[in-house]
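*Asks:* This is the structure, below, for whatever I ask next.
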Amino acid sequence: MRKEFHEENRLAWNEATVAHNSHKGDQATFFRNGGTTLFPEELDLLGDLKGRSLVHLQCNSGQDTLSLARLGANVTGVDISDTAINFARQLSHDTGIQATFQRMDVYDWLEQTARGEQRFDIAFCSYGAICWLSDLQAWARGVAAILKPGGRFVTIDFHPFINLFEWDLERKYSYFTNGEALTFEEGVGDYVALSEHGLINGDYVEGVKDFKNPYRGHFFPWGLGEIVTALLEGGLTLSSLKEYPYANGFKPFEDMHNSGRRWYLPADQPNMPLMFSISARK
Ligand SMILES: C[S@@+](CC[C@H](N)C(=O)[O-])C[C@H]1O[C@@H](n2cnc3c(N)ncnc32)[C@H](O)[C@@H]1O
């Protein structure tokens, strides 16, 4: 496990989260007006949430967490970023949507929770979560440990295949990285601005301009086989594994068109997987 990288990522996420939220306008009013930030894919995967206990791992600023709470789940959101968790707590307070938020490294939270009594019906993480995990095996064992028997792990995330390509789709990076970190000096960027309205519900606000992250980012581009194998070895049974030829919210490449908040490659180009989802049971 690379805790020193997690810490630097925390600093990078603190900075990036301010820029990201600056484009999103008045989130409290959005939620008070009945808004949700969830996509149909995770809603289908998660199913009926009424009365379920759900932990949202790497929840960032809590918009998806509060949307899940709205559907009747008892939610806990966990994230390493101070800025994100402070924002999430304030949003919960301002909207009156009940949720518990904990600012912790996900590995510390899993370990601490496993030592206690609380167990969850569902552990969920999504859209840009797994690539920040420096030790997949420890994470998968930790997830299995905090689930009730029969409880489910659900994720939908960007496909590791997209990490091979630059913004202009030039193939530049390797798929297999043997768990080595990819360090990028420019840290977490303002991909919310680059994704235009994809990650915004409501009107795009100009907000922070020309964002430059002063901290580096350390990213772990795990392959799909490594992710699934870690979950199986962690003690979970795979229920479904799906791949999708489009990306929800985040625009990974320059030459894409959108339908609502979803991004597609040009129809005259060969398709490729842009997202995957997993549902697995303890
Ligand atoms: C792309 S965001 C996920 C967004 C999320 N799907 C949502 O609902 O908004 C990735 C998140 O992972 C968090 N993160 C990265 N490394 C972490 C770690 N070691 N422990 C906990 N959270 C971490 C970051 O702070 C960031 O908020």
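Labels used: A, B, ... for chains in the order of the structure tokens, numbers from 1 for residues in each chain, and numbers from 1 for ligands as shown.
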Which neighbours of segment 11-16 of chain A fall inside 8 Å, counting only C-alpha atoms, when residues of the same chain fewer than 6 positions from it are skipped, and could you give them as a JSON list (two decimals) with all heavy atoms, in the first residue's frame?
*Replies:*
```json
[["chain", "number", "residue", "atom", "x", "y", "z"],
["A", 81, "SER", "N", -10.70, 13.29, 1.09],
["A", 81, "SER", "CA", -10.53, 14.74, 0.89],
["A", 81, "SER", "C", -11.29, 15.54, 1.94],
["A", 81, "SER", "O", -12.51, 15.41, 2.08],
["A", 81, "SER", "CB", -11.01, 15.13, -0.51],
["A", 81, "SER", "OG", -11.28, 16.51, -0.57],
["A", 82, "ASP", "N", -10.58, 16.42, 2.63],
["A", 82, "ASP", "CA", -11.17, 17.28, 3.66],
["A", 82, "ASP", "C", -12.21, 18.21, 3.02],
["A", 82, "ASP", "O", -13.31, 18.38, 3.53],
["A", 82, "ASP", "CB", -10.08, 18.16, 4.31],
["A", 82, "ASP", "CG", -8.83, 17.38, 4.60],
["A", 82, "ASP", "OD1", -8.10, 17.01, 3.64],
["A", 82, "ASP", "OD2", -8.55, 17.12, 5.78],
["A", 83, "THR", "N", -11.82, 18.82, 1.89],
["A", 83, "THR", "CA", -12.70, 19.77, 1.21],
["A", 83, "THR", "C", -13.99, 19.08, 0.79],
["A", 83, "THR", "O", -15.08, 19.64, 0.93],
["A", 83, "THR", "CB", -11.99, 20.31, -0.06],
["A", 83, "THR", "OG1", -10.68, 20.69, 0.29],
["A", 83, "THR", "CG2", -12.72, 21.47, -0.66],
["A", 84, "ALA", "N", -13.85, 17.88, 0.25],
["A", 84, "ALA", "CA", -15.03, 17.16, -0.25],
["A", 84, "ALA", "C", -15.97, 16.81, 0.90],
["A", 84, "ALA", "O", -17.19, 17.00, 0.80],
["A", 84, "ALA", "CB", -14.59, 15.90, -1.00],
["A", 187, "GLY", "N", -1.33, 16.76, -11.30],
["A", 187, "GLY", "CA", -2.34, 16.37, -10.32],
["A", 187, "GLY", "C", -3.71, 16.14, -10.93],
["A", 187, "GLY", "O", -3.84, 15.85, -12.11],
["A", 188, "VAL", "N", -4.76, 16.28, -10.09],
["A", 188, "VAL", "CA", -6.13, 16.10, -10.58],
["A", 188, "VAL", "C", -6.54, 17.40, -11.25],
["A", 188, "VAL", "O", -6.46, 18.46, -10.64],
["A", 188, "VAL", "CB", -7.10, 15.80, -9.41],
["A", 188, "VAL", "CG1", -8.50, 15.52, -9.94],
["A", 188, "VAL", "CG2", -6.59, 14.65, -8.57],
["A", 189, "GLY", "N", -6.95, 17.30, -12.50],
["A", 189, "GLY", "CA", -7.29, 18.51, -13.25],
["A", 189, "GLY", "C", -8.75, 18.90, -13.09],
["A", 189, "GLY", "O", -9.52, 18.27, -12.35],
["A", 190, "ASP", "N", -9.13, 19.92, -13.82],
["A", 190, "ASP", "CA", -10.52, 20.39, -13.78],
["A", 190, "ASP", "C", -11.31, 19.70, -14.88],
["A", 190, "ASP", "O", -11.74, 20.32, -15.84],
["A", 190, "ASP", "CB", -10.55, 21.91, -13.93],
["A", 190, "ASP", "CG", -11.94, 22.46, -13.60],
["A", 190, "ASP", "OD1", -12.84, 21.66, -13.30],
["A", 190, "ASP", "OD2", -12.10, 23.69, -13.65],
["A", 213, "ASN", "N", -3.41, 22.49, -10.61],
["A", 213, "ASN", "CA", -3.29, 21.84, -9.31],
["A", 213, "ASN", "C", -1.83, 21.90, -8.84],
["A", 213, "ASN", "O", -0.94, 21.47, -9.57],
["A", 213, "ASN", "CB", -3.75, 20.37, -9.41],
["A", 213, "ASN", "CG", -4.17, 19.82, -8.07],
["A", 213, "ASN", "OD1", -3.49, 20.06, -7.07],
["A", 213, "ASN", "ND2", -5.27, 19.11, -8.04],
["A", 214, "PRO", "N", -1.57, 22.44, -7.64],
["A", 214, "PRO", "CA", -0.17, 22.53, -7.18],
["A", 214, "PRO", "C", 0.40, 21.18, -6.71],
["A", 214, "PRO", "O", 1.59, 21.08, -6.45],
["A", 214, "PRO", "CB", -0.24, 23.51, -6.01],
["A", 214, "PRO", "CG", -1.65, 23.45, -5.52],
["A", 214, "PRO", "CD", -2.51, 23.05, -6.69],
["A", 215, "TYR", "N", -0.47, 20.16, -6.58],
["A", 215, "TYR", "CA", -0.01, 18.86, -6.06],
["A", 215, "TYR", "C", -0.03, 17.80, -7.15],
["A", 215, "TYR", "O", -0.88, 17.82, -8.04],
["A", 215, "TYR", "CB", -0.91, 18.41, -4.91],
["A", 215, "TYR", "CG", -0.84, 19.36, -3.75],
["A", 215, "TYR", "CD1", -1.86, 20.29, -3.54],
["A", 215, "TYR", "CD2", 0.26, 19.36, -2.90],
["A", 215, "TYR", "CE1", -1.78, 21.18, -2.48],
["A", 215, "TYR", "CE2", 0.34, 20.25, -1.85],
["A", 215, "TYR", "CZ", -0.68, 21.17, -1.64],
["A", 215, "TYR", "OH", -0.59, 22.06, -0.61],
["A", 216, "ARG", "N", 0.88, 16.86, -7.01],
["A", 216, "ARG", "CA", 0.93, 15.74, -7.96],
["A", 216, "ARG", "C", -0.21, 14.77, -7.69],
["A", 216, "ARG", "O", -0.79, 14.76, -6.60],
["A", 216, "ARG", "CB", 2.24, 14.97, -7.80],
["A", 216, "ARG", "CG", 3.48, 15.80, -8.08],
["A", 216, "ARG", "CD", 4.71, 14.93, -8.06],
["A", 216, "ARG", "NE", 4.86, 14.17, -6.81],
["A", 216, "ARG", "CZ", 5.76, 13.23, -6.61],
["A", 216, "ARG", "NH1", 6.60, 12.90, -7.58],
["A", 216, "ARG", "NH2", 5.86, 12.60, -5.45],
["A", 217, "GLY", "N", -0.51, 13.95, -8.68],
["A", 217, "GLY", "CA", -1.50, 12.89, -8.49],
["A", 217, "GLY", "C", -0.85, 11.55, -8.77],
["A", 217, "GLY", "O", 0.04, 11.44, -9.62]]
```
*Asks:* Enumerate as a PyMOL selection string the residues within 6 Å of ligand 1, counting only C-alpha atoms and all ligand atoms.
*Replies:* chain A and resi 6+10+13+58-61+64+79-81+104-106+126-129+132
*Asks:* Deliver the residues from the most recent selection as a file, using N, CA, C and O atoms, as a PDB file, in the first residue's frame.
*Replies:*
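In the end it all went to selection-v4.pdb:
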```pdb
ATOM      1  N   HIS A   6      -1.358   8.228  -1.203  1.00  0.00           N
ATOM      2  CA  HIS A   6      -2.740   8.585  -0.825  1.00  0.00           C
ATOM      3  C   HIS A   6      -2.770  10.000  -0.241  1.00  0.00           C
ATOM      4  O   HIS A   6      -3.684  10.776  -0.509  1.00  0.00           O
ATOM      5  N   ARG A  10      -4.717  13.218  -1.502  1.00  0.00           N
ATOM      6  CA  ARG A  10      -5.661  13.983  -0.668  1.00  0.00           C
ATOM      7  C   ARG A  10      -5.485  15.485  -0.918  1.00  0.00           C
ATOM      8  O   ARG A  10      -6.463  16.207  -1.126  1.00  0.00           O
ATOM      9  N   TRP A  13      -6.767  16.324  -4.369  1.00  0.00           N
ATOM     10  CA  TRP A  13      -8.245  16.308  -4.419  1.00  0.00           C
ATOM     11  C   TRP A  13      -8.843  17.493  -3.678  1.00  0.00           C
ATOM     12  O   TRP A  13      -9.890  18.022  -4.075  1.00  0.00           O
ATOM     13  N   GLN A  58     -15.391   6.614  -1.377  1.00  0.00           N
ATOM     14  CA  GLN A  58     -14.824   7.663  -2.239  1.00  0.00           C
ATOM     15  C   GLN A  58     -15.939   8.553  -2.806  1.00  0.00           C
ATOM     16  O   GLN A  58     -16.058   8.752  -4.013  1.00  0.00           O
ATOM     17  N   CYS A  59     -16.730   9.084  -1.885  1.00  0.00           N
ATOM     18  CA  CYS A  59     -17.979   9.783  -2.245  1.00  0.00           C
ATOM     19  C   CYS A  59     -17.765  11.211  -2.702  1.00  0.00           C
ATOM     20  O   CYS A  59     -18.737  11.885  -3.058  1.00  0.00           O
ATOM     21  N   ASN A  60     -16.528  11.713  -2.650  1.00  0.00           N
ATOM     22  CA  ASN A  60     -16.231  13.096  -2.984  1.00  0.00           C
ATOM     23  C   ASN A  60     -17.194  14.041  -2.243  1.00  0.00           C
ATOM     24  O   ASN A  60     -17.374  13.891  -1.041  1.00  0.00           O
ATOM     25  N   SER A  61     -17.839  14.975  -2.919  1.00  0.00           N
ATOM     26  CA  SER A  61     -18.609  16.033  -2.233  1.00  0.00           C
ATOM     27  C   SER A  61     -20.023  15.612  -1.868  1.00  0.00           C
ATOM     28  O   SER A  61     -20.834  16.457  -1.470  1.00  0.00           O
ATOM     29  N   ASP A  64     -23.801  12.357  -5.077  1.00  0.00           N
ATOM     30  CA  ASP A  64     -24.396  11.035  -5.357  1.00  0.00           C
ATOM     31  C   ASP A  64     -24.869  10.386  -4.048  1.00  0.00           C
ATOM     32  O   ASP A  64     -25.897   9.712  -4.019  1.00  0.00           O
ATOM     33  N   ASP A  79     -14.574   9.577   2.294  1.00  0.00           N
ATOM     34  CA  ASP A  79     -13.632  10.115   1.312  1.00  0.00           C
ATOM     35  C   ASP A  79     -12.417  10.663   2.048  1.00  0.00           C
ATOM     36  O   ASP A  79     -12.515  11.119   3.192  1.00  0.00           O
ATOM     37  N   ILE A  80     -11.282  10.647   1.367  1.00  0.00           N
ATOM     38  CA  ILE A  80     -10.033  11.119   1.982  1.00  0.00           C
ATOM     39  C   ILE A  80      -9.919  12.647   1.954  1.00  0.00           C
ATOM     40  O   ILE A  80      -9.160  13.229   2.732  1.00  0.00           O
ATOM     41  N   SER A  81     -10.698  13.291   1.090  1.00  0.00           N
ATOM     42  CA  SER A  81     -10.532  14.740   0.890  1.00  0.00           C
ATOM     43  C   SER A  81     -11.289  15.543   1.941  1.00  0.00           C
ATOM     44  O   SER A  81     -12.513  15.412   2.079  1.00  0.00           O
ATOM     45  N   MET A 104     -11.789   9.928   5.766  1.00  0.00           N
ATOM     46  CA  MET A 104     -10.750   8.934   6.081  1.00  0.00           C
ATOM     47  C   MET A 104     -10.208   8.347   4.789  1.00  0.00           C
ATOM     48  O   MET A 104     -10.925   8.299   3.780  1.00  0.00           O
ATOM     49  N   ASP A 105      -8.989   7.871   4.867  1.00  0.00           N
ATOM     50  CA  ASP A 105      -8.481   7.016   3.802  1.00  0.00           C
ATOM     51  C   ASP A 105      -9.388   5.775   3.779  1.00  0.00           C
ATOM     52  O   ASP A 105      -9.692   5.206   4.832  1.00  0.00           O
ATOM     53  N   VAL A 106      -9.821   5.363   2.602  1.00  0.00           N
ATOM     54  CA  VAL A 106     -10.765   4.254   2.504  1.00  0.00           C
ATOM     55  C   VAL A 106     -10.214   2.992   3.182  1.00  0.00           C
ATOM     56  O   VAL A 106     -10.962   2.222   3.801  1.00  0.00           O
ATOM     57  N   SER A 126     -18.028   4.605  -7.424  1.00  0.00           N
ATOM     58  CA  SER A 126     -18.346   4.864  -8.835  1.00  0.00           C
ATOM     59  C   SER A 126     -17.466   5.936  -9.454  1.00  0.00           C
ATOM     60  O   SER A 126     -16.832   6.721  -8.759  1.00  0.00           O
ATOM     61  N   TYR A 127     -17.471   5.932 -10.784  1.00  0.00           N
ATOM     62  CA  TYR A 127     -16.964   7.009 -11.635  1.00  0.00           C
ATOM     63  C   TYR A 127     -15.652   7.635 -11.162  1.00  0.00           C
ATOM     64  O   TYR A 127     -15.640   8.759 -10.643  1.00  0.00           O
ATOM     65  N   GLY A 128     -14.576   6.913 -11.355  1.00  0.00           N
ATOM     66  CA  GLY A 128     -13.264   7.476 -11.032  1.00  0.00           C
ATOM     67  C   GLY A 128     -12.817   7.135  -9.626  1.00  0.00           C
ATOM     68  O   GLY A 128     -12.115   7.930  -8.994  1.00  0.00           O
ATOM     69  N   ALA A 129     -13.194   5.965  -9.125  1.00  0.00           N
ATOM     70  CA  ALA A 129     -12.840   5.590  -7.747  1.00  0.00           C
ATOM     71  C   ALA A 129     -11.678   4.584  -7.704  1.00  0.00           C
ATOM     72  O   ALA A 129     -10.662   4.807  -7.031  1.00  0.00           O
ATOM     73  N   TRP A 132      -7.699   5.061  -7.806  1.00  0.00           N
ATOM     74  CA  TRP A 132      -6.922   5.712  -6.731  1.00  0.00           C
ATOM     75  C   TRP A 132      -6.464   4.723  -5.673  1.00  0.00           C
ATOM     76  O   TRP A 132      -5.825   5.110  -4.682  1.00  0.00           O
TER      77      TRP A 132
END
```
*Asks:* Work out how far apart atom CA of Cys125 of chain A and atom CA of Leu57 of chain A are and give it in Å to one decimal.
*Replies:* 5.1 Å
*Asks:* Give me the residues within 12 Å of Arg52 of chain A as a list in words, counting only C-alpha atoms and dropping any in the same chain fewer than 2 places off.
*Replies:*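 In the requested format, the answer is Leu46, Gly47, Asp48, Leu49, Lys50, Leu54, Val55, Leu68, Ala69, Arg70, Leu71, Gly72, Ala73, Asn74, Val75, Thr76, Arg119, Phe120, Asp121, Ile122, Ala123, Leu147, Lys148, Gly151 and Arg152 of chain A.
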*Asks:* Need to verify the contact set: segment 228-243 of chain A, 8 Å, only C-alpha atoms, exclusion of same-chain residues closer than 3 positions in sequence. Can you return it as a ChimeraX atom specification?
*Replies:* /A:136-137,140-142,144,159,224-225,273-282
*Asks:* Could you please determine the separation between atom CA of Thr100 of chain A and atom CA of Asn201 of chain A in Å, to one decimal place?
*Replies:*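 Between these atoms lies a distance of 23.1 Å.
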*Asks:* From segment 108-181 of chain A, collect each residue whose DSSP state is alpha helix (DSSP H) and return the set as a list in words.
*Replies:*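 Assigned to alpha helix (DSSP H), within segment 108-181 of chain A: Asp108, Trp109, Leu110, Glu111, Gln112, Thr113, Ala114, Arg115, Leu136, Gln137, Ala138, Trp139, Ala140, Arg141, Gly142, Val143, Ala144, Ala145 and Ile146 of chain A.
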*Asks:* Can you measure atom CA of Ala88 of chain A to atom CA of Trp109 of chain A for me? One decimal in Å is fine.
*Replies:* 17.2 Å
*Asks:* Would you mind listing what lies within 12 Å of Phe30 of chain A as a ChimeraX atom specification, with only C-alpha atoms counted and same-chain residues fewer than 3 positions away left out?
*Replies:* /A:24-27,33-37,63,66-67,91,94-95,200-203
*Asks:* DSSP on the backbone: what in segment 25-268 of chain A comes out strand (DSSP E), as a compact mmCIF listing (two decimals) with C-alpha atoms, in the first residue's frame?
*Replies:*
```
# COMPACT_ATOMS: atom_id res chain seq x y z
CA SER A 53 -27.62 0.39 4.72
CA LEU A 54 -25.21 1.62 2.08
CA VAL A 55 -21.64 2.86 2.27
CA HIS A 56 -20.55 5.09 -0.59
CA LEU A 57 -16.78 4.71 -0.78
CA ASN A 74 -29.27 4.84 5.20
CA VAL A 75 -26.03 6.16 3.76
CA THR A 76 -22.49 6.66 4.96
CA GLY A 77 -20.08 8.49 2.65
CA VAL A 78 -16.33 8.07 3.01
CA ASP A 79 -13.63 10.12 1.31
CA THR A 100 -23.15 10.36 7.72
CA PHE A 101 -19.86 11.49 6.20
CA GLN A 102 -16.43 10.35 7.34
CA ARG A 103 -13.16 11.83 6.19
CA PHE A 120 -23.69 -2.96 5.34
CA ASP A 121 -26.21 -4.28 2.81
CA ILE A 122 -24.38 -2.50 -0.01
CA ALA A 123 -20.89 -1.08 -0.60
CA PHE A 124 -20.86 1.21 -3.62
CA CYS A 125 -18.22 3.25 -5.43
CA SER A 126 -18.35 4.86 -8.84
CA LEU A 147 -20.68 -6.43 4.12
CA LYS A 148 -23.44 -8.49 5.72
CA PRO A 149 -23.67 -12.08 4.50
CA GLY A 150 -25.57 -11.76 1.21
CA GLY A 151 -24.59 -8.07 1.00
CA ARG A 152 -23.52 -6.63 -2.34
CA PHE A 153 -20.60 -4.68 -3.75
CA VAL A 154 -21.68 -2.52 -6.69
CA THR A 155 -19.53 -0.30 -8.86
CA ILE A 156 -19.72 1.52 -12.15
CA ASP A 157 -16.51 3.14 -13.31
CA PHE A 158 -14.56 4.28 -16.34
CA LEU A 182 1.37 6.52 -12.74
CA THR A 183 2.42 9.86 -11.30
CA PHE A 184 1.37 13.00 -13.05
CA GLY A 217 -1.50 12.89 -8.49
CA HIS A 218 -0.71 9.16 -8.22
CA PHE A 219 -3.02 6.94 -10.14
CA THR A 237 -19.12 -13.93 -5.93
CA LEU A 238 -19.59 -12.16 -9.23
CA SER A 239 -23.24 -11.54 -10.21
CA SER A 240 -22.65 -9.32 -13.25
CA LEU A 241 -19.87 -7.68 -15.23
CA LYS A 242 -20.92 -5.27 -17.99
CA GLU A 243 -19.08 -2.99 -20.41
CA TYR A 244 -20.52 0.11 -22.04
CA TYR A 246 -20.31 5.39 -23.76
CA ALA A 247 -19.22 7.43 -20.74
CA ASN A 248 -21.55 8.93 -18.16
CA HIS A 257 -20.63 14.05 -28.85
CA ASN A 258 -23.21 13.97 -26.13
CA SER A 259 -26.76 12.96 -25.59
CA ARG A 262 -23.67 10.94 -21.68
CA TRP A 263 -20.65 11.01 -24.05
CA TYR A 264 -20.23 8.93 -27.25
```
*Asks:* Which one is closest to Ala193 of chain A: A:Lys209, A:Arg2, A:His93, A:Arg261? Count only C-alpha atoms.
*Replies:* A:Lys209
*Asks:* Under the rule that only C-alpha atoms are counted, which of A:Phe5, A:Phe211, A:Tyr204, A:Phe176 is the nearest residue to Ser134 of chain A?
*Replies:* A:Phe5
